[in-house]
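Participant: Have a look at this one.
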Amino acid sequence: MIDKVVATAAEAVADIPDGASLAVGGFGLCGIPVALIGALHQQGTTDLETISNNCGVDDWGLGVLLLDGRIRRTISSYVGENKEFARQYLSGELEVELTPQGTLAERLRAGGAGIPAFYTPAGVGTQVSEGGLPQKYDDAGNVTVASAPKEVRSFGGQDYVLEESVNPDFALVHAWKGDRHGNLVFHATAMNFNPLCAQAGKITIAEVEELVEPGELDPGHVHIPGIFVQRVVLAAGPEKRIEKRTVSLSSDQAPSSEVPDNTNSAKAV
């Protein structure tokens, strides 16, 4: 078996050229390949097309590349937490293909399975299937690129829209554990888009929090086998940010309207 470990994140992404397409794992700020994104940013790679559920936040994740104008186009599902994303999109600096979340997941999975396209009910009867979704504006706010209509067919009396799979040039993923042969284990919520991206990429690069020797991973616990992974880099102790921190109010902090009036309740009884 091939030892797929590379020494640094910089070495792992060194051959990603300008104009490359990238599938990037993670959901919000959970399970994102921070070390690989940082190395790609430091390398200066630009004109990228990214395929990711979201595009990070203004100063973290893919948002770091976005802030410096390194992303030309993105295929995403949820982008509401990034003000710079909105600014670039509405000012005509960024092309955006919005895709229903489940459809995006299946486009990645199908790409990894060698399936060129599939039918789904998601988006039927909307601009997703009928076309006309703004993908790029000019600086005056006019739509210069809009989505094209997609094929719709009926199966069993229900309409379905044809969606094409994706096979990006590279995939960047974050795993909890990995071995030298590229077998990966993801932790909890990081199981979101990371396995799908790992399968879809023509060249998949995985950063792992813990690197183990071959044979140490229980085969029954491996989420992505090494056949899908070309490079592994150790990224121990990554910073893990929380996108939105919320806490519940204690009873003495809650607004009076939210505190039950037991006296009145007793009278009503």
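Residues are named by chain letter and number: chains run A, B, ... in the order of the structure tokens, numbers start at 1 in each chain, and ligands are numbered from 1 in the order shown.
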Check region 55-264 of chain A with DSSP on the backbone and list each residue it calls alpha helix (DSSP H), as an MDAnalysis selection string.

Facilitator: chainID A and resid 62:67 83:90 101:112 127:130 194:200 262:264

Participant: Mind the document's chain letters and residue numbers, and return as a VMD selection string the residues of region 27-194 of chain A that DSSP labels strand (DSSP E).

Facilitator: chain A and resid 48 to 51 71 to 76 95 to 98 117 to 120 134 to 137 143 to 146 152 to 155 158 to 164 170 to 179 184 to 185

Participant: Excluding region 18-34 of chain A and residues on its chain fewer than 5 positions from it, collect all residues at most 7 Å away from it, counting only C-alpha atoms, and give them as a PyMOL selection string.

Facilitator: chain A and resi 45-54+56+61+168-174+189-190+192-194+197+201+207+241-243

Participant: Using only C-alpha atoms, please write the residues we just selected to a file, as a CSV table (one decimal), in the first residue's frame.

Facilitator:
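What landed in selection-v8.csv:
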```csv
chain,number,residue,atom,x,y,z
A,45,THR,CA,-4.0,30.5,-5.6
A,46,THR,CA,-6.9,32.5,-7.2
A,47,ASP,CA,-9.8,32.3,-9.7
A,48,LEU,CA,-11.2,29.3,-7.8
A,49,GLU,CA,-14.5,27.6,-8.2
A,50,THR,CA,-15.7,26.2,-4.8
A,51,ILE,CA,-18.4,23.6,-4.2
A,52,SER,CA,-19.4,23.7,-0.5
A,53,ASN,CA,-22.5,23.8,1.6
A,54,ASN,CA,-21.6,27.3,2.6
A,56,GLY,CA,-17.5,30.2,5.6
A,61,GLY,CA,-13.0,29.0,6.5
A,168,PRO,CA,-14.2,18.9,-9.0
A,169,ASP,CA,-10.5,18.9,-9.6
A,170,PHE,CA,-9.7,18.7,-5.9
A,171,ALA,CA,-11.4,18.0,-2.6
A,172,LEU,CA,-10.3,19.4,0.7
A,173,VAL,CA,-11.7,17.6,3.8
A,174,HIS,CA,-11.2,17.5,7.5
A,189,THR,CA,-21.4,16.5,12.8
A,190,ALA,CA,-18.2,16.6,10.7
A,192,ASN,CA,-21.9,16.1,7.1
A,193,PHE,CA,-20.4,17.0,3.7
A,194,ASN,CA,-16.8,15.7,4.3
A,197,CYS,CA,-16.6,15.8,-1.0
A,201,GLY,CA,-12.9,15.0,-5.9
A,207,GLU,CA,-6.2,16.9,7.0
A,241,ARG,CA,-14.8,28.2,16.3
A,242,ILE,CA,-18.5,28.4,17.1
A,243,GLU,CA,-20.5,30.2,14.4
```

Participant: Which residues come within 12 Å of Ala206 (chain A), counting only C-alpha atoms, excluding same-chain residues fewer than 4 positions away, as a PyMOL selection string?

Facilitator: chain A and resi 4-6+8-9+12-13+23-25+31-37+170-186+194-195+197-199+201+210-211+224-226+228-235

Participant: Output N, CA and C atoms for every residue in that selection, as a compact mmCIF listing (two decimals), in the first residue's frame.

Facilitator:
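Okay, this is what ended up in selection33.txt:
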```
# COMPACT_ATOMS: atom_id res chain seq x y z
N LYS A 4 0.50 7.78 1.94
CA LYS A 4 -0.05 8.99 1.35
C LYS A 4 0.19 10.24 2.19
N VAL A 5 0.96 10.11 3.25
CA VAL A 5 1.19 11.24 4.15
C VAL A 5 2.18 12.23 3.54
N VAL A 6 1.82 13.50 3.60
CA VAL A 6 2.74 14.58 3.21
C VAL A 6 3.07 15.38 4.45
N THR A 8 3.46 18.71 5.19
CA THR A 8 2.81 19.96 5.58
C THR A 8 1.58 20.22 4.72
N ALA A 9 0.71 21.08 5.22
CA ALA A 9 -0.46 21.48 4.44
C ALA A 9 -0.05 22.22 3.18
N ALA A 12 0.79 19.78 0.64
CA ALA A 12 -0.40 19.05 0.20
C ALA A 12 -1.18 19.80 -0.88
N VAL A 13 -1.17 21.13 -0.83
CA VAL A 13 -1.97 21.92 -1.79
C VAL A 13 -1.11 22.59 -2.84
N ALA A 23 -14.05 20.95 -4.10
CA ALA A 23 -15.11 20.59 -3.17
C ALA A 23 -14.51 20.71 -1.77
N VAL A 24 -15.19 21.42 -0.89
CA VAL A 24 -14.64 21.69 0.45
C VAL A 24 -15.64 21.22 1.50
N GLY A 25 -15.22 20.32 2.37
CA GLY A 25 -16.09 19.75 3.38
C GLY A 25 -16.42 20.72 4.49
N GLY A 31 -16.17 21.03 11.08
CA GLY A 31 -15.53 20.08 10.20
C GLY A 31 -14.93 20.67 8.94
N ILE A 32 -14.50 21.93 9.01
CA ILE A 32 -13.92 22.54 7.82
C ILE A 32 -12.39 22.36 7.83
N PRO A 33 -11.79 22.16 6.66
CA PRO A 33 -10.34 21.93 6.57
C PRO A 33 -9.55 23.23 6.67
N VAL A 34 -9.46 23.76 7.88
CA VAL A 34 -8.87 25.08 8.11
C VAL A 34 -7.41 25.14 7.68
N ALA A 35 -6.64 24.10 7.99
CA ALA A 35 -5.21 24.12 7.67
C ALA A 35 -5.00 24.15 6.16
N LEU A 36 -5.76 23.36 5.43
CA LEU A 36 -5.60 23.32 3.98
C LEU A 36 -6.06 24.61 3.33
N ILE A 37 -7.16 25.18 3.82
CA ILE A 37 -7.62 26.47 3.29
C ILE A 37 -6.58 27.54 3.56
N PHE A 170 -10.20 19.02 -7.22
CA PHE A 170 -9.66 18.67 -5.92
C PHE A 170 -10.78 18.67 -4.88
N ALA A 171 -10.57 17.94 -3.79
CA ALA A 171 -11.44 18.01 -2.63
C ALA A 171 -10.57 18.22 -1.40
N LEU A 172 -10.99 19.13 -0.53
CA LEU A 172 -10.31 19.38 0.73
C LEU A 172 -11.25 18.98 1.85
N VAL A 173 -10.82 18.06 2.72
CA VAL A 173 -11.69 17.58 3.78
C VAL A 173 -10.96 17.55 5.11
N HIS A 174 -11.75 17.53 6.18
CA HIS A 174 -11.21 17.46 7.54
C HIS A 174 -11.74 16.20 8.20
N ALA A 175 -10.84 15.38 8.74
CA ALA A 175 -11.23 14.14 9.43
C ALA A 175 -10.68 14.12 10.85
N TRP A 176 -11.34 13.36 11.69
CA TRP A 176 -10.90 13.19 13.08
C TRP A 176 -9.64 12.32 13.12
N LYS A 177 -9.72 11.15 12.45
CA LYS A 177 -8.57 10.24 12.40
C LYS A 177 -8.33 9.79 10.96
N GLY A 178 -7.10 9.49 10.67
CA GLY A 178 -6.76 8.92 9.38
C GLY A 178 -5.48 8.12 9.50
N ASP A 179 -5.30 7.13 8.61
CA ASP A 179 -4.04 6.39 8.62
C ASP A 179 -3.24 6.72 7.37
N ARG A 180 -2.08 6.14 7.27
CA ARG A 180 -1.16 6.47 6.19
C ARG A 180 -1.66 6.02 4.81
N HIS A 181 -2.63 5.14 4.80
CA HIS A 181 -3.19 4.68 3.53
C HIS A 181 -4.39 5.52 3.08
N GLY A 182 -4.77 6.50 3.89
CA GLY A 182 -5.86 7.39 3.51
C GLY A 182 -7.22 7.00 4.01
N ASN A 183 -7.32 5.97 4.82
CA ASN A 183 -8.61 5.62 5.43
C ASN A 183 -8.98 6.68 6.46
N LEU A 184 -10.22 7.14 6.43
CA LEU A 184 -10.63 8.28 7.26
C LEU A 184 -11.80 7.95 8.16
N VAL A 185 -11.79 8.55 9.36
CA VAL A 185 -12.91 8.49 10.29
C VAL A 185 -13.29 9.93 10.64
N PHE A 186 -14.56 10.26 10.50
CA PHE A 186 -15.06 11.59 10.83
C PHE A 186 -15.79 11.56 12.17
N ASN A 194 -18.21 16.19 4.49
CA ASN A 194 -16.84 15.73 4.28
C ASN A 194 -16.75 14.41 3.49
N PRO A 195 -17.50 13.36 3.86
CA PRO A 195 -17.41 12.12 3.08
C PRO A 195 -17.83 12.30 1.63
N CYS A 197 -17.66 15.08 -0.23
CA CYS A 197 -16.61 15.79 -0.96
C CYS A 197 -15.42 14.87 -1.23
N ALA A 198 -15.08 14.06 -0.23
CA ALA A 198 -13.94 13.15 -0.39
C ALA A 198 -14.13 12.21 -1.56
N GLN A 199 -15.36 11.74 -1.76
CA GLN A 199 -15.64 10.83 -2.86
C GLN A 199 -15.67 11.54 -4.21
N GLY A 201 -14.07 14.38 -5.33
CA GLY A 201 -12.87 15.02 -5.87
C GLY A 201 -12.01 14.07 -6.70
N GLU A 210 -5.70 13.33 14.04
CA GLU A 210 -4.87 12.26 14.60
C GLU A 210 -4.46 11.31 13.49
N LEU A 211 -3.16 11.11 13.33
CA LEU A 211 -2.63 10.20 12.32
C LEU A 211 -2.21 8.91 12.99
N ILE A 224 -14.55 6.62 5.12
CA ILE A 224 -14.08 6.76 3.73
C ILE A 224 -12.83 5.90 3.57
N PRO A 225 -12.86 4.91 2.69
CA PRO A 225 -11.67 4.09 2.47
C PRO A 225 -10.62 4.85 1.67
N GLY A 226 -9.38 4.44 1.84
CA GLY A 226 -8.26 5.15 1.25
C GLY A 226 -8.27 5.23 -0.26
N PHE A 228 -10.32 6.56 -2.05
CA PHE A 228 -10.81 7.88 -2.44
C PHE A 228 -9.85 9.01 -2.09
N VAL A 229 -8.79 8.72 -1.36
CA VAL A 229 -7.93 9.77 -0.80
C VAL A 229 -6.51 9.64 -1.37
N GLN A 230 -5.99 10.76 -1.84
CA GLN A 230 -4.65 10.75 -2.43
C GLN A 230 -3.57 11.31 -1.51
N ARG A 231 -3.95 12.20 -0.60
CA ARG A 231 -2.96 12.81 0.31
C ARG A 231 -3.55 12.98 1.70
N VAL A 232 -2.70 12.79 2.70
CA VAL A 232 -3.09 12.96 4.10
C VAL A 232 -2.05 13.84 4.77
N VAL A 233 -2.51 14.82 5.56
CA VAL A 233 -1.60 15.67 6.30
C VAL A 233 -2.10 15.80 7.74
N LEU A 234 -1.20 15.74 8.69
CA LEU A 234 -1.56 15.88 10.10
C LEU A 234 -1.79 17.35 10.41
N ALA A 235 -2.97 17.63 10.99
CA ALA A 235 -3.29 19.00 11.44
C ALA A 235 -3.83 18.88 12.86
```

Participant: Could you tell me how far CA of Thr74 (chain A) lies from CA of Pro121 (chain A), in Å and to one decimal?

Facilitator: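 Straight-line distance from CA of Thr74 (chain A) to CA of Pro121 (chain A) works out to 23.0 Å.
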
Participant: Do you know which residues are at most 9 Å from region 139-145 of chain A counting only C-alpha atoms, after dropping those on the same chain fewer than 5 positions away, and could you put them as a PyMOL selection string?

Facilitator: chain A and resi 90-93+95+132-134

Participant: Using only C-alpha atoms, find the one residue out of A:Ala105, A:Ile227, A:Cys55, A:Val96 that sits nearest to Ile203 (chain A).

Facilitator: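 Of all the options, A:Ile227 lies closest to Ile203 (chain A).
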
Participant: Separation of CA of Leu196 (chain A) and CA of Tyr78 (chain A), in Å?

Facilitator: 16.7 Å
